[in-house]
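Asker: Contents of target_26.cif (mmCIF, C-alpha atoms) are given next:
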```cif
data_run
loop_
_atom_site.label_atom_id
_atom_site.label_comp_id
_atom_site.auth_asym_id
_atom_site.auth_seq_id
_atom_site.Cartn_x
_atom_site.Cartn_y
_atom_site.Cartn_z
CA MET A 1 -30.43 0.94 18.03
CA GLN A 2 -27.42 3.24 18.25
CA LYS A 3 -27.47 5.51 21.33
CA ALA A 4 -26.62 9.18 20.93
CA ASN A 5 -23.63 10.33 22.91
CA GLN A 6 -24.85 13.35 24.84
CA GLU A 7 -21.32 14.77 24.76
CA ASN A 8 -21.72 15.25 21.01
CA TRP A 9 -22.97 18.74 20.19
CA TRP A 10 -24.62 17.68 16.94
CA SER A 11 -27.06 15.11 18.32
CA VAL A 12 -30.76 16.06 18.16
CA GLU A 13 -32.86 14.65 20.99
CA ASN A 14 -36.10 14.75 19.00
CA VAL A 15 -34.58 13.64 15.70
CA ASP A 16 -37.53 11.23 15.27
CA GLU A 17 -39.54 14.36 14.39
CA VAL A 18 -37.11 15.30 11.62
CA ASP A 19 -37.53 13.66 8.23
CA SER A 20 -34.38 12.86 6.31
CA PRO A 21 -32.34 13.83 4.49
CA ALA A 22 -32.47 17.25 6.10
CA LEU A 23 -30.37 20.35 6.56
CA LEU A 24 -29.66 21.23 10.21
CA VAL A 25 -28.63 24.73 11.27
CA TYR A 26 -27.21 25.50 14.72
CA PRO A 27 -27.74 29.27 15.31
CA ASP A 28 -25.59 29.44 18.45
CA ARG A 29 -22.61 28.12 16.49
CA ALA A 30 -23.31 30.47 13.57
CA GLU A 31 -23.32 33.34 16.04
CA GLN A 32 -19.97 32.14 17.38
CA ASN A 33 -18.60 32.28 13.84
CA LEU A 34 -20.00 35.77 13.32
CA LYS A 35 -18.28 37.02 16.46
CA ARG A 36 -15.02 35.52 15.18
CA MET A 37 -15.50 37.26 11.81
CA VAL A 38 -15.94 40.62 13.52
CA GLU A 39 -12.90 39.97 15.68
CA ILE A 40 -10.72 39.15 12.64
CA ALA A 41 -11.93 42.24 10.78
CA GLY A 42 -11.35 44.48 13.79
CA GLY A 43 -15.01 45.53 13.83
CA THR A 44 -17.91 45.63 11.39
CA GLU A 45 -16.90 48.65 9.30
CA ARG A 46 -14.95 46.68 6.66
CA LEU A 47 -17.07 43.52 6.70
CA ARG A 48 -19.21 42.69 3.67
CA PRO A 49 -20.12 39.00 4.16
CA HIS A 50 -21.34 36.95 1.20
CA VAL A 51 -24.84 35.51 1.67
CA LYS A 52 -24.55 32.92 -1.11
CA THR A 53 -23.48 30.39 1.49
CA HIS A 54 -26.67 30.32 3.54
CA LYS A 55 -29.45 32.25 1.69
CA LEU A 56 -31.35 32.53 4.98
CA PRO A 57 -33.14 35.74 6.09
CA PRO A 58 -32.82 34.86 9.82
CA LEU A 59 -29.05 34.61 9.43
CA VAL A 60 -28.95 37.96 7.61
CA LYS A 61 -30.86 39.46 10.54
CA MET A 62 -28.36 37.90 12.93
CA HIS A 63 -25.61 39.72 11.02
CA VAL A 64 -27.52 43.01 11.22
CA GLU A 65 -28.00 42.58 14.96
CA LYS A 66 -24.21 42.35 15.24
CA GLY A 67 -23.88 45.66 13.38
CA ILE A 68 -23.03 44.16 9.98
CA THR A 69 -25.12 46.04 7.41
CA ARG A 70 -23.07 45.67 4.21
CA PHE A 71 -23.47 42.46 2.24
CA LYS A 72 -22.32 40.78 -0.95
CA CYS A 73 -24.53 38.43 -2.93
CA ALA A 74 -24.61 36.57 -6.23
CA THR A 75 -28.29 36.58 -7.26
CA ILE A 76 -31.30 38.92 -7.36
CA PRO A 77 -33.18 36.82 -4.72
CA GLU A 78 -30.16 37.00 -2.41
CA ALA A 79 -30.07 40.77 -2.84
CA GLU A 80 -33.80 40.90 -2.18
CA ILE A 81 -33.72 39.00 1.13
CA VAL A 82 -30.76 41.09 2.29
CA ALA A 83 -32.62 44.34 1.55
CA GLU A 84 -35.74 43.00 3.25
CA SER A 85 -33.76 41.94 6.33
CA GLY A 86 -32.36 45.34 7.28
CA ALA A 87 -29.20 45.77 5.22
CA THR A 88 -28.19 49.26 4.15
CA ASP A 89 -25.66 48.38 1.43
CA VAL A 90 -25.95 45.47 -1.03
CA LEU A 91 -23.34 44.53 -3.64
CA LEU A 92 -24.55 42.14 -6.34
CA ALA A 93 -21.16 40.71 -7.33
CA HIS A 94 -22.22 38.97 -10.52
CA GLN A 95 -22.16 40.69 -13.90
CA LEU A 96 -25.80 41.08 -14.90
CA VAL A 97 -27.03 40.04 -18.34
CA GLY A 98 -30.46 39.66 -19.89
CA PRO A 99 -33.49 40.46 -17.70
CA LYS A 100 -31.34 40.64 -14.58
CA VAL A 101 -30.35 44.20 -15.46
CA ARG A 102 -33.89 45.55 -15.23
CA ARG A 103 -34.67 43.27 -12.27
CA LEU A 104 -31.89 44.87 -10.23
CA ALA A 105 -33.06 48.34 -11.19
CA ALA A 106 -36.61 47.49 -10.12
CA LEU A 107 -35.34 46.04 -6.84
CA ALA A 108 -33.30 49.17 -6.13
CA ALA A 109 -36.34 51.35 -6.85
CA ALA A 110 -38.40 49.33 -4.36
CA TYR A 111 -35.83 49.79 -1.57
CA PRO A 112 -34.68 53.44 -1.80
CA GLN A 113 -33.21 53.25 1.71
CA VAL A 114 -30.67 50.65 0.55
CA ARG A 115 -27.55 51.50 -1.47
CA PHE A 116 -27.29 48.97 -4.30
CA SER A 117 -24.21 48.30 -6.38
CA THR A 118 -23.02 45.74 -8.90
CA ILE A 119 -19.94 44.86 -10.93
CA VAL A 120 -18.97 45.10 -14.60
CA ASP A 121 -16.10 44.10 -16.85
CA ASP A 122 -17.94 44.87 -20.11
CA THR A 123 -18.92 48.20 -21.68
CA GLY A 124 -22.18 46.86 -23.12
CA VAL A 125 -23.38 45.68 -19.71
CA LEU A 126 -22.45 49.06 -18.23
CA GLU A 127 -24.50 50.91 -20.84
CA ARG A 128 -27.53 48.68 -20.22
CA LEU A 129 -27.23 49.23 -16.46
CA ALA A 130 -27.20 53.00 -17.00
CA ALA A 131 -30.27 52.77 -19.25
CA ALA A 132 -32.17 50.63 -16.72
CA ALA A 133 -31.26 53.01 -13.90
CA GLU A 134 -32.53 55.92 -15.99
CA ALA A 135 -35.79 54.10 -16.69
CA GLU A 136 -36.36 53.53 -12.96
CA ARG A 137 -34.94 56.97 -12.08
CA ILE A 138 -32.52 55.51 -9.56
CA SER A 139 -28.78 55.72 -8.96
CA LEU A 140 -26.54 52.64 -9.00
CA GLU A 141 -22.95 52.31 -7.91
CA VAL A 142 -20.87 50.20 -10.29
CA LEU A 143 -17.61 48.54 -9.29
CA LEU A 144 -15.06 47.46 -11.84
CA ASP A 145 -14.58 43.69 -11.65
CA VAL A 146 -10.82 43.14 -11.79
CA ASP A 147 -9.27 39.80 -12.73
CA CYS A 148 -6.58 39.26 -10.11
CA GLY A 149 -5.52 35.82 -11.31
CA MET A 150 -8.52 33.50 -11.20
CA HIS A 151 -9.32 34.12 -14.89
CA ARG A 152 -13.03 33.46 -14.41
CA THR A 153 -14.46 36.98 -14.72
CA GLY A 154 -13.10 40.49 -14.60
CA ILE A 155 -10.86 42.74 -16.63
CA ALA A 156 -7.08 42.67 -16.28
CA PRO A 157 -5.49 45.74 -14.69
CA GLY A 158 -4.22 48.04 -17.42
CA PRO A 159 -5.35 50.61 -20.00
CA GLN A 160 -8.64 48.87 -20.87
CA ALA A 161 -9.59 48.70 -17.20
CA ILE A 162 -8.84 52.40 -16.78
CA ALA A 163 -10.90 53.24 -19.89
CA LEU A 164 -13.89 51.26 -18.62
CA TYR A 165 -13.68 52.94 -15.22
CA ARG A 166 -13.58 56.36 -16.90
CA ARG A 167 -16.79 55.41 -18.72
CA ILE A 168 -18.47 54.50 -15.42
CA ALA A 169 -17.64 57.98 -14.15
CA LYS A 170 -19.13 59.72 -17.21
CA LEU A 171 -22.54 58.03 -17.44
CA ASN A 172 -25.72 59.35 -15.89
CA ARG A 173 -27.48 57.37 -13.14
CA VAL A 174 -24.42 55.24 -12.41
CA LYS A 175 -21.36 56.25 -10.46
CA PRO A 176 -18.03 54.58 -9.75
CA GLY A 177 -18.15 52.37 -6.67
CA GLY A 178 -14.55 51.18 -6.67
CA LEU A 179 -12.92 47.87 -7.50
CA HIS A 180 -13.94 44.26 -6.92
CA ALA A 181 -11.25 41.57 -6.89
CA TYR A 182 -12.06 37.95 -6.06
CA ASP A 183 -9.09 35.65 -5.47
CA GLY A 184 -10.93 32.33 -5.18
CA HIS A 185 -8.02 30.51 -6.79
CA ILE A 186 -5.87 31.09 -3.70
CA THR A 187 -6.48 28.21 -1.28
CA ASP A 188 -2.96 27.18 -0.25
CA ARG A 189 -3.03 25.05 2.87
CA ASP A 190 0.21 26.63 4.07
CA LEU A 191 -0.65 30.05 5.52
CA SER A 192 2.65 31.68 4.53
CA GLN A 193 2.19 30.57 0.92
CA ARG A 194 -1.43 31.75 0.95
CA LYS A 195 -0.33 35.17 2.25
CA GLU A 196 2.33 35.51 -0.41
CA ALA A 197 -0.11 34.53 -3.17
CA ALA A 198 -2.80 36.92 -1.86
CA HIS A 199 -0.44 39.89 -1.69
CA ARG A 200 0.92 39.10 -5.15
CA ALA A 201 -2.60 38.88 -6.63
CA LEU A 202 -3.81 42.16 -5.13
CA ARG A 203 -0.68 44.22 -5.87
CA PRO A 204 -1.78 45.06 -9.47
CA VAL A 205 -5.25 45.94 -8.15
CA MET A 206 -3.73 48.46 -5.74
CA GLU A 207 -1.64 49.89 -8.58
CA LEU A 208 -4.78 50.23 -10.69
CA ARG A 209 -6.49 52.05 -7.83
CA ASP A 210 -3.54 54.45 -7.57
CA ALA A 211 -3.66 55.14 -11.32
CA LEU A 212 -7.38 55.90 -11.19
CA VAL A 213 -7.00 58.21 -8.21
CA ALA A 214 -4.14 60.00 -9.96
CA GLU A 215 -6.62 60.86 -12.75
CA GLY A 216 -8.95 62.39 -10.18
CA LEU A 217 -11.43 59.49 -10.30
CA SER A 218 -13.22 58.37 -7.15
CA VAL A 219 -12.36 54.86 -5.93
CA PRO A 220 -14.37 54.62 -2.70
CA ARG A 221 -13.64 50.97 -1.94
CA ILE A 222 -11.82 47.80 -2.90
CA VAL A 223 -13.87 44.68 -2.15
CA ALA A 224 -11.32 41.91 -1.91
CA GLY A 225 -11.23 38.16 -1.50
CA GLY A 226 -13.42 35.50 0.04
CA THR A 227 -13.06 33.12 2.96
CA PRO A 228 -9.55 31.63 2.40
CA THR A 229 -7.88 35.06 2.24
CA PHE A 230 -10.22 36.83 4.66
CA ALA A 231 -7.84 37.08 7.61
CA ILE A 232 -5.04 38.16 5.26
CA HIS A 233 -6.96 40.98 3.59
CA ALA A 234 -8.42 42.06 6.94
CA GLN A 235 -4.94 43.37 7.78
CA THR A 236 -5.09 45.86 4.89
CA GLN A 237 -7.19 48.82 5.94
CA GLU A 238 -8.15 49.78 2.36
CA PHE A 239 -10.01 46.51 1.77
CA GLU A 240 -13.59 45.53 2.44
CA CYS A 241 -13.63 41.79 3.19
CA SER A 242 -16.21 39.33 1.89
CA PRO A 243 -16.02 36.03 3.78
CA GLY A 244 -18.96 33.74 3.16
CA THR A 245 -18.48 30.09 4.09
CA CYS A 246 -17.08 30.84 7.54
CA VAL A 247 -20.51 31.68 8.97
CA LEU A 248 -21.46 27.99 8.54
CA TRP A 249 -18.09 26.36 7.77
CA ASP A 250 -17.68 23.06 5.98
CA ALA A 251 -15.42 20.03 5.79
CA GLY A 252 -13.63 21.29 2.68
CA TYR A 253 -12.33 24.48 4.24
CA ALA A 254 -11.81 22.82 7.62
CA THR A 255 -9.43 20.43 5.82
CA LYS A 256 -7.78 22.94 3.49
CA LEU A 257 -7.52 25.88 5.91
CA PRO A 258 -6.51 24.47 9.30
CA ASP A 259 -5.43 27.92 10.53
CA MET A 260 -8.97 29.30 10.38
CA ASP A 261 -10.71 28.55 13.66
CA PHE A 262 -14.38 28.53 12.70
CA VAL A 263 -16.83 25.85 13.82
CA PRO A 264 -19.37 23.85 11.79
CA ALA A 265 -22.82 25.40 12.16
CA MET A 266 -24.70 23.45 9.49
CA LEU A 267 -24.95 19.69 8.98
CA VAL A 268 -27.03 17.19 7.09
CA VAL A 269 -28.84 14.39 8.87
CA THR A 270 -29.40 11.14 7.02
CA ARG A 271 -30.73 7.70 7.93
CA VAL A 272 -29.65 4.15 7.26
CA ILE A 273 -32.23 2.76 4.85
CA SER A 274 -30.55 -0.58 4.15
CA LYS A 275 -27.61 -2.73 5.22
CA ALA A 276 -26.66 -4.18 1.89
CA GLY A 277 -23.63 -6.35 2.49
CA SER A 278 -21.12 -6.77 5.28
CA GLY A 279 -19.65 -3.49 6.49
CA ARG A 280 -21.94 -1.43 4.26
CA LEU A 281 -24.66 1.08 5.07
CA CYS A 282 -26.99 2.59 2.49
CA LEU A 283 -28.10 6.12 3.40
CA ASP A 284 -30.83 8.39 2.04
CA LEU A 285 -28.27 11.08 1.16
CA GLY A 286 -28.18 11.10 -2.63
CA HIS A 287 -26.97 13.73 -5.07
CA LYS A 288 -30.21 15.63 -4.44
CA ALA A 289 -29.29 16.27 -0.80
CA ILE A 290 -25.52 16.83 -0.70
CA ALA A 291 -23.35 18.85 -3.09
CA SER A 292 -21.74 16.41 -5.49
CA GLU A 293 -19.58 18.54 -7.78
CA ASN A 294 -16.44 17.39 -5.99
CA PRO A 295 -15.05 13.85 -5.76
CA HIS A 296 -15.54 11.99 -2.50
CA PRO A 297 -15.50 12.68 0.35
CA ARG A 298 -18.57 14.84 -0.25
CA VAL A 299 -19.54 14.60 3.41
CA GLN A 300 -17.74 13.73 6.64
CA PHE A 301 -19.84 11.91 9.22
CA LEU A 302 -19.27 13.12 12.76
CA ASN A 303 -20.58 9.91 14.30
CA ALA A 304 -18.87 7.67 11.72
CA PRO A 305 -15.62 9.50 10.87
CA GLU A 306 -13.99 6.38 9.45
CA ALA A 307 -16.75 5.81 6.86
CA LYS A 308 -15.86 5.91 3.17
CA ALA A 309 -18.23 6.37 0.25
CA VAL A 310 -18.32 3.53 -2.27
CA MET A 311 -21.43 4.35 -4.31
CA HIS A 312 -23.48 7.52 -4.83
CA SER A 313 -26.61 8.11 -6.88
CA GLU A 314 -29.63 10.41 -6.93
CA GLU A 315 -31.30 9.07 -3.77
CA HIS A 316 -28.64 6.85 -2.18
CA LEU A 317 -25.17 7.02 -0.66
CA VAL A 318 -23.49 3.73 0.18
CA ILE A 319 -20.68 3.86 2.71
CA GLU A 320 -18.34 1.27 4.12
CA THR A 321 -17.35 1.32 7.78
CA PRO A 322 -15.86 -1.27 10.13
CA ASN A 323 -18.47 -0.10 12.63
CA ALA A 324 -21.49 -0.88 10.47
CA ASP A 325 -22.80 -3.33 13.09
CA GLN A 326 -23.26 -0.41 15.49
CA PHE A 327 -25.96 1.03 13.26
CA ALA A 328 -29.46 -0.32 12.67
CA VAL A 329 -31.79 0.46 9.78
CA GLY A 330 -33.41 3.78 10.70
CA ASP A 331 -30.44 5.13 12.68
CA CYS A 332 -29.20 8.65 11.97
CA LEU A 333 -25.81 9.84 10.81
CA TYR A 334 -24.83 13.49 11.07
CA GLY A 335 -22.64 14.77 8.25
CA MET A 336 -20.58 17.88 7.63
CA PRO A 337 -20.82 18.79 3.92
CA TRP A 338 -17.55 19.10 2.07
CA HIS A 339 -19.05 22.12 0.26
CA VAL A 340 -21.86 23.70 2.22
CA CYS A 341 -22.90 26.48 -0.20
CA PRO A 342 -24.40 24.31 -2.98
CA THR A 343 -25.65 21.84 -0.37
CA VAL A 344 -27.87 24.57 1.09
CA SER A 345 -29.33 25.23 -2.37
CA LEU A 346 -30.58 21.63 -2.55
CA HIS A 347 -32.91 22.11 0.43
CA SER A 348 -36.06 24.22 0.70
CA VAL A 349 -35.90 24.40 4.51
CA ALA A 350 -33.29 24.24 7.23
CA VAL A 351 -34.22 22.62 10.53
CA VAL A 352 -33.15 24.83 13.43
CA VAL A 353 -31.45 23.06 16.35
CA ARG A 354 -31.33 24.83 19.70
CA ASN A 355 -30.24 23.15 22.94
CA ARG A 356 -30.12 19.79 21.13
CA ARG A 357 -33.72 20.02 19.96
CA ALA A 358 -35.20 20.69 16.53
CA THR A 359 -37.33 23.72 17.30
CA GLU A 360 -38.45 25.33 14.04
CA ARG A 361 -37.80 25.50 10.32
CA TRP A 362 -36.30 28.32 8.29
CA GLN A 363 -37.18 28.66 4.64
CA VAL A 364 -34.10 28.77 2.42
CA THR A 365 -35.75 31.69 0.67
CA ALA A 366 -32.98 32.80 -1.68
CA ARG A 367 -32.49 29.37 -3.26
CA GLU A 368 -35.33 30.43 -5.55
CA ARG A 369 -34.49 31.87 -8.96
CA GLN A 370 -37.06 34.60 -8.41
CA ILE A 371 -39.04 35.89 -5.43
CA ARG A 372 -40.71 39.22 -6.27
CA PHE A 373 -38.28 40.89 -8.64
#
```
Kindly return the structure encoded in the file as structure tokens.

Answerer:
Amino acid sequence: MQKANQENWWSVENVDEVDSPALLVYPDRAEQNLKRMVEIAGGTERLRPHVKTHKLPPLVKMHVEKGITRFKCATIPEAEIVAESGATDVLLAHQLVGPKVRRLAALAAAYPQVRFSTIVDDTGVLERLAAAAEAERISLEVLLDVDCGMHRTGIAPGPQAIALYRRIAKLNRVKPGGLHAYDGHITDRDLSQRKEAAHRALRPVMELRDALVAEGLSVPRIVAGGTPTFAIHAQTQEFECSPGTCVLWDAGYATKLPDMDFVPAMLVVTRVISKAGSGRLCLDLGHKAIASENPHPRVQFLNAPEAKAVMHSEEHLVIETPNADQFAVGDCLYGMPWHVCPTVSLHSVAVVVRNRRATERWQVTARERQIRF
């Protein structure tokens, strides 16, 4: 039986009480990351963290306790748990279609103390939002979603963008909330190149803002970027910053963004279920337990860093390691997901680890497609 090295922060003394595969969350390390976020942003005023990474009400409350009350989210359930957890300002940064339009309006009506906003790049969606807000007799802020180079969503800066923003300002029950610009395509490992790309991407957005203001239109905020460009945009006072992954961190960003000094605060624990062949370990960490949209490595094992994946299926992950003899069937490996956000969505609960012991379980509430609204 492999012995846990007590110098290793990730080891769980009562891991025999934790079934596998499981998601492990380390709140003290998440809090360390939150403090670092606030430090980078120069306070909480311009922080609007994205909750899509963790989807956990206790982590939202930890943010609120630090004075962070503005949040960004991608789904109605995420917006719901944020409102329920003490937020005062919730941006649903996903253009709403179908029933989601009325669901957001109903959610906003249920939490009148919270300022809700969303994004648009389409006139039809804007008109439906205004109609839903009228039906619920609420007011919604609407931000223009600006394509700053990712070409996934958003409207290009220019005359059509200005015309759509004018329309936001004219409708009843909605009002202009500013601009939203996500630069998720900018992940250069070299910091100087990342800075140059980020400034280049946001320059047309700033010019659009200036054009709108020159017409007398209100542009109260520019919500810019994600985790890779967080520290860059934090230096521009006009921007609200929306880091997400850095509260938990993952192996992908730790590898791609070596300048960002966040610490892993969420792992997966898996067990050896078979030793099929020399140098091989079969683990119970299949596609259903670890995000698998990327090629391997999909996980980096902290207590087997040299391991390499050779086979992956729904319930199994087979790895090869020269140290396979050090592990027995039933032993645990602790892994850092390459992409933590979709990994969280695969688990209904996260096991909370405090002082090296699994102490409680947090429901991953916002992984659901619908809670109340």

Asker: Can you turn the PyMOL selection byres ((chain A and resi 311) around 12) into a concrete residue list for this file, as a list in words?

Answerer: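 For this structure, the PyMOL selection byres ((chain A and resi 311) around 12) captures Ala276, Arg280, Leu281, Cys282, Leu283, Leu285, Gly286, His287, Pro295, His296, Pro297, Arg298, Lys308, Ala309, Val310, His312, Ser313, Glu314, Glu315, His316, Leu317, Val318, Ile319 and Glu320 of chain A.
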
Asker: As a check of understanding, name the residues that the PyMOL selection byres ((chain A and resi 155-172) around 7) selects in the supplied structure, as a list in words.

Answerer: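 Applying the PyMOL selection byres ((chain A and resi 155-172) around 7) to the structure shown produces Asp121, Thr123, Ala130, Leu144, Asp145, Val146, Asp147, Gly154, Arg173, Val174, Lys175, Pro176, Pro204, Val205, Leu208 and Leu212 of chain A.
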
Asker: Write out as a ChimeraX atom specification each polymer residue whose atoms come within 7 Å of Leu34 in chain A, counting all atoms listed in the file; drop sequence neighbours fewer than 4 positions from it.

Answerer: /A:30,38,247

Asker: Residues as selected, C-alpha atoms, written as a CSV table (one decimal), in the coordinates of the input, can you do that?

Answerer:
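Output below, filename result_11.csv:
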```csv
chain,number,residue,atom,x,y,z
A,30,ALA,CA,-23.3,30.5,13.6
A,38,VAL,CA,-15.9,40.6,13.5
A,247,VAL,CA,-20.5,31.7,9.0
```

Asker: Determine the residue set returned by the PyMOL selection byres ((chain A and resi 137) around 12) for the present structure, and present it as a list of chain:residue names.

Answerer: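 Output from the PyMOL selection byres ((chain A and resi 137) around 12), applied to this file: A:Arg102, A:Ala105, A:Ala106, A:Ala108, A:Ala109, A:Ala110, A:Pro112, A:Leu129, A:Ala130, A:Ala131, A:Ala132, A:Ala133, A:Glu134, A:Ala135, A:Glu136, A:Ile138, A:Ser139, A:Leu140, A:Asn172, A:Arg173, A:Val174.
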
Asker: For His94 in chain A, which residue out of A:Gln113, A:Ser348, A:Ser192, A:Thr118 is the nearest one, using only C-alpha atoms?

Answerer: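 Closest to His94 in chain A of all the choices is A:Thr118.
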
Asker: Contacts between range 45-48 of chain A and range 206-293 of chain A, please, where a residue of range 206-293 of chain A counts if it comes within 6 Å (with all atoms listed in the file); show its shortest atom pair and distance in Å to one decimal, rows by chain and ascending number, as a tab-separated table.

Answerer:
```
residue	atom	partner	partner_atom	distance
A:Glu240	CA	A:Arg46	CA	4.6
A:Cys241	CA	A:Leu47	CA	5.2
A:Ser242	CA	A:Arg48	CA	4.8
```

Asker: Using only C-alpha atoms, find the one residue out of A:Val263, A:Val125, A:Ala79, A:Ile119 that sits nearest to Phe373 in chain A.

Answerer: A:Ala79

Asker: Grab the CA of Glu238 in chain A to CA of Arg36 in chain A distance for me, in Å with one decimal place.

Answerer: 20.4 Å

Asker: Considering all atoms listed in the file, state which residue in the set A:Glu39, A:Asp284, A:Asp250, A:Glu360 is at the smallest distance from Pro342 in chain A.

Answerer: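 Of A:Glu39, A:Asp284, A:Asp250, A:Glu360, the one nearest Pro342 in chain A is A:Asp250, counting all atoms listed in the file.
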
Asker: Need the neighbours of (-37.6, 31.1, 0.4): which residues are at most 10 Å away, counting all atoms listed in the file, as a ChimeraX atom specification?

Answerer: /A:55-57,77-78,81,348-349,362-371

Asker: Skip range 217-231 of chain A itself and residues of its chain fewer than 4 positions away, then list as a list in words all residues within 7 Å of it, counting only C-alpha atoms.

Answerer: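 Those residues are Ile40, Pro176, Gly177, Gly178, Leu179, His180, Ala181, Tyr182, Asp183, Gly184, Thr187, Ala198, Arg209, Leu212, Val213, Gln235, Glu238, Phe239, Glu240, Cys241, Ser242, Pro243, Gly244, Thr245 and Cys246 of chain A.
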
Asker: Please save C-alpha atoms of the selected residues as a PDB file, in the coordinates of the input.

Answerer:
```
ATOM      1  CA  ILE A  40     -10.720  39.150  12.640  1.00  0.00           C
ATOM      2  CA  PRO A 176     -18.030  54.580  -9.750  1.00  0.00           C
ATOM      3  CA  GLY A 177     -18.150  52.370  -6.670  1.00  0.00           C
ATOM      4  CA  GLY A 178     -14.550  51.180  -6.670  1.00  0.00           C
ATOM      5  CA  LEU A 179     -12.920  47.870  -7.500  1.00  0.00           C
ATOM      6  CA  HIS A 180     -13.940  44.260  -6.920  1.00  0.00           C
ATOM      7  CA  ALA A 181     -11.250  41.570  -6.890  1.00  0.00           C
ATOM      8  CA  TYR A 182     -12.060  37.950  -6.060  1.00  0.00           C
ATOM      9  CA  ASP A 183      -9.090  35.650  -5.470  1.00  0.00           C
ATOM     10  CA  GLY A 184     -10.930  32.330  -5.180  1.00  0.00           C
ATOM     11  CA  THR A 187      -6.480  28.210  -1.280  1.00  0.00           C
ATOM     12  CA  ALA A 198      -2.800  36.920  -1.860  1.00  0.00           C
ATOM     13  CA  ARG A 209      -6.490  52.050  -7.830  1.00  0.00           C
ATOM     14  CA  LEU A 212      -7.380  55.900 -11.190  1.00  0.00           C
ATOM     15  CA  VAL A 213      -7.000  58.210  -8.210  1.00  0.00           C
ATOM     16  CA  GLN A 235      -4.940  43.370   7.780  1.00  0.00           C
ATOM     17  CA  GLU A 238      -8.150  49.780   2.360  1.00  0.00           C
ATOM     18  CA  PHE A 239     -10.010  46.510   1.770  1.00  0.00           C
ATOM     19  CA  GLU A 240     -13.590  45.530   2.440  1.00  0.00           C
ATOM     20  CA  CYS A 241     -13.630  41.790   3.190  1.00  0.00           C
ATOM     21  CA  SER A 242     -16.210  39.330   1.890  1.00  0.00           C
ATOM     22  CA  PRO A 243     -16.020  36.030   3.780  1.00  0.00           C
ATOM     23  CA  GLY A 244     -18.960  33.740   3.160  1.00  0.00           C
ATOM     24  CA  THR A 245     -18.480  30.090   4.090  1.00  0.00           C
ATOM     25  CA  CYS A 246     -17.080  30.840   7.540  1.00  0.00           C
TER      26      CYS A 246
END
```

Asker: Provide the CA of Gly216 in chain A to CA of Leu126 in chain A distance in Å, to one decimal place.

Answerer: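 CA of Leu126 in chain A lies 20.6 Å from CA of Gly216 in chain A.
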
Asker: So how far away is CA of Ala265 in chain A from CA of Gln32 in chain A, in Å?

Answerer: 9.0 Å

Asker: Have a look at A:Lys195, A:Cys73, A:Ser85, A:Val329 and name the one nearest to Val60 in chain A; count only C-alpha atoms.

Answerer: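 For Val60 in chain A, the nearest of the candidates is A:Ser85.
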
Asker: For Ala291 in chain A, which residue among A:Arg200, A:Ser345, A:Ala254, A:Phe262 is the nearest when counting all atoms listed in the file?

Answerer: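 Smallest separation from Ala291 in chain A among the options: A:Ser345.
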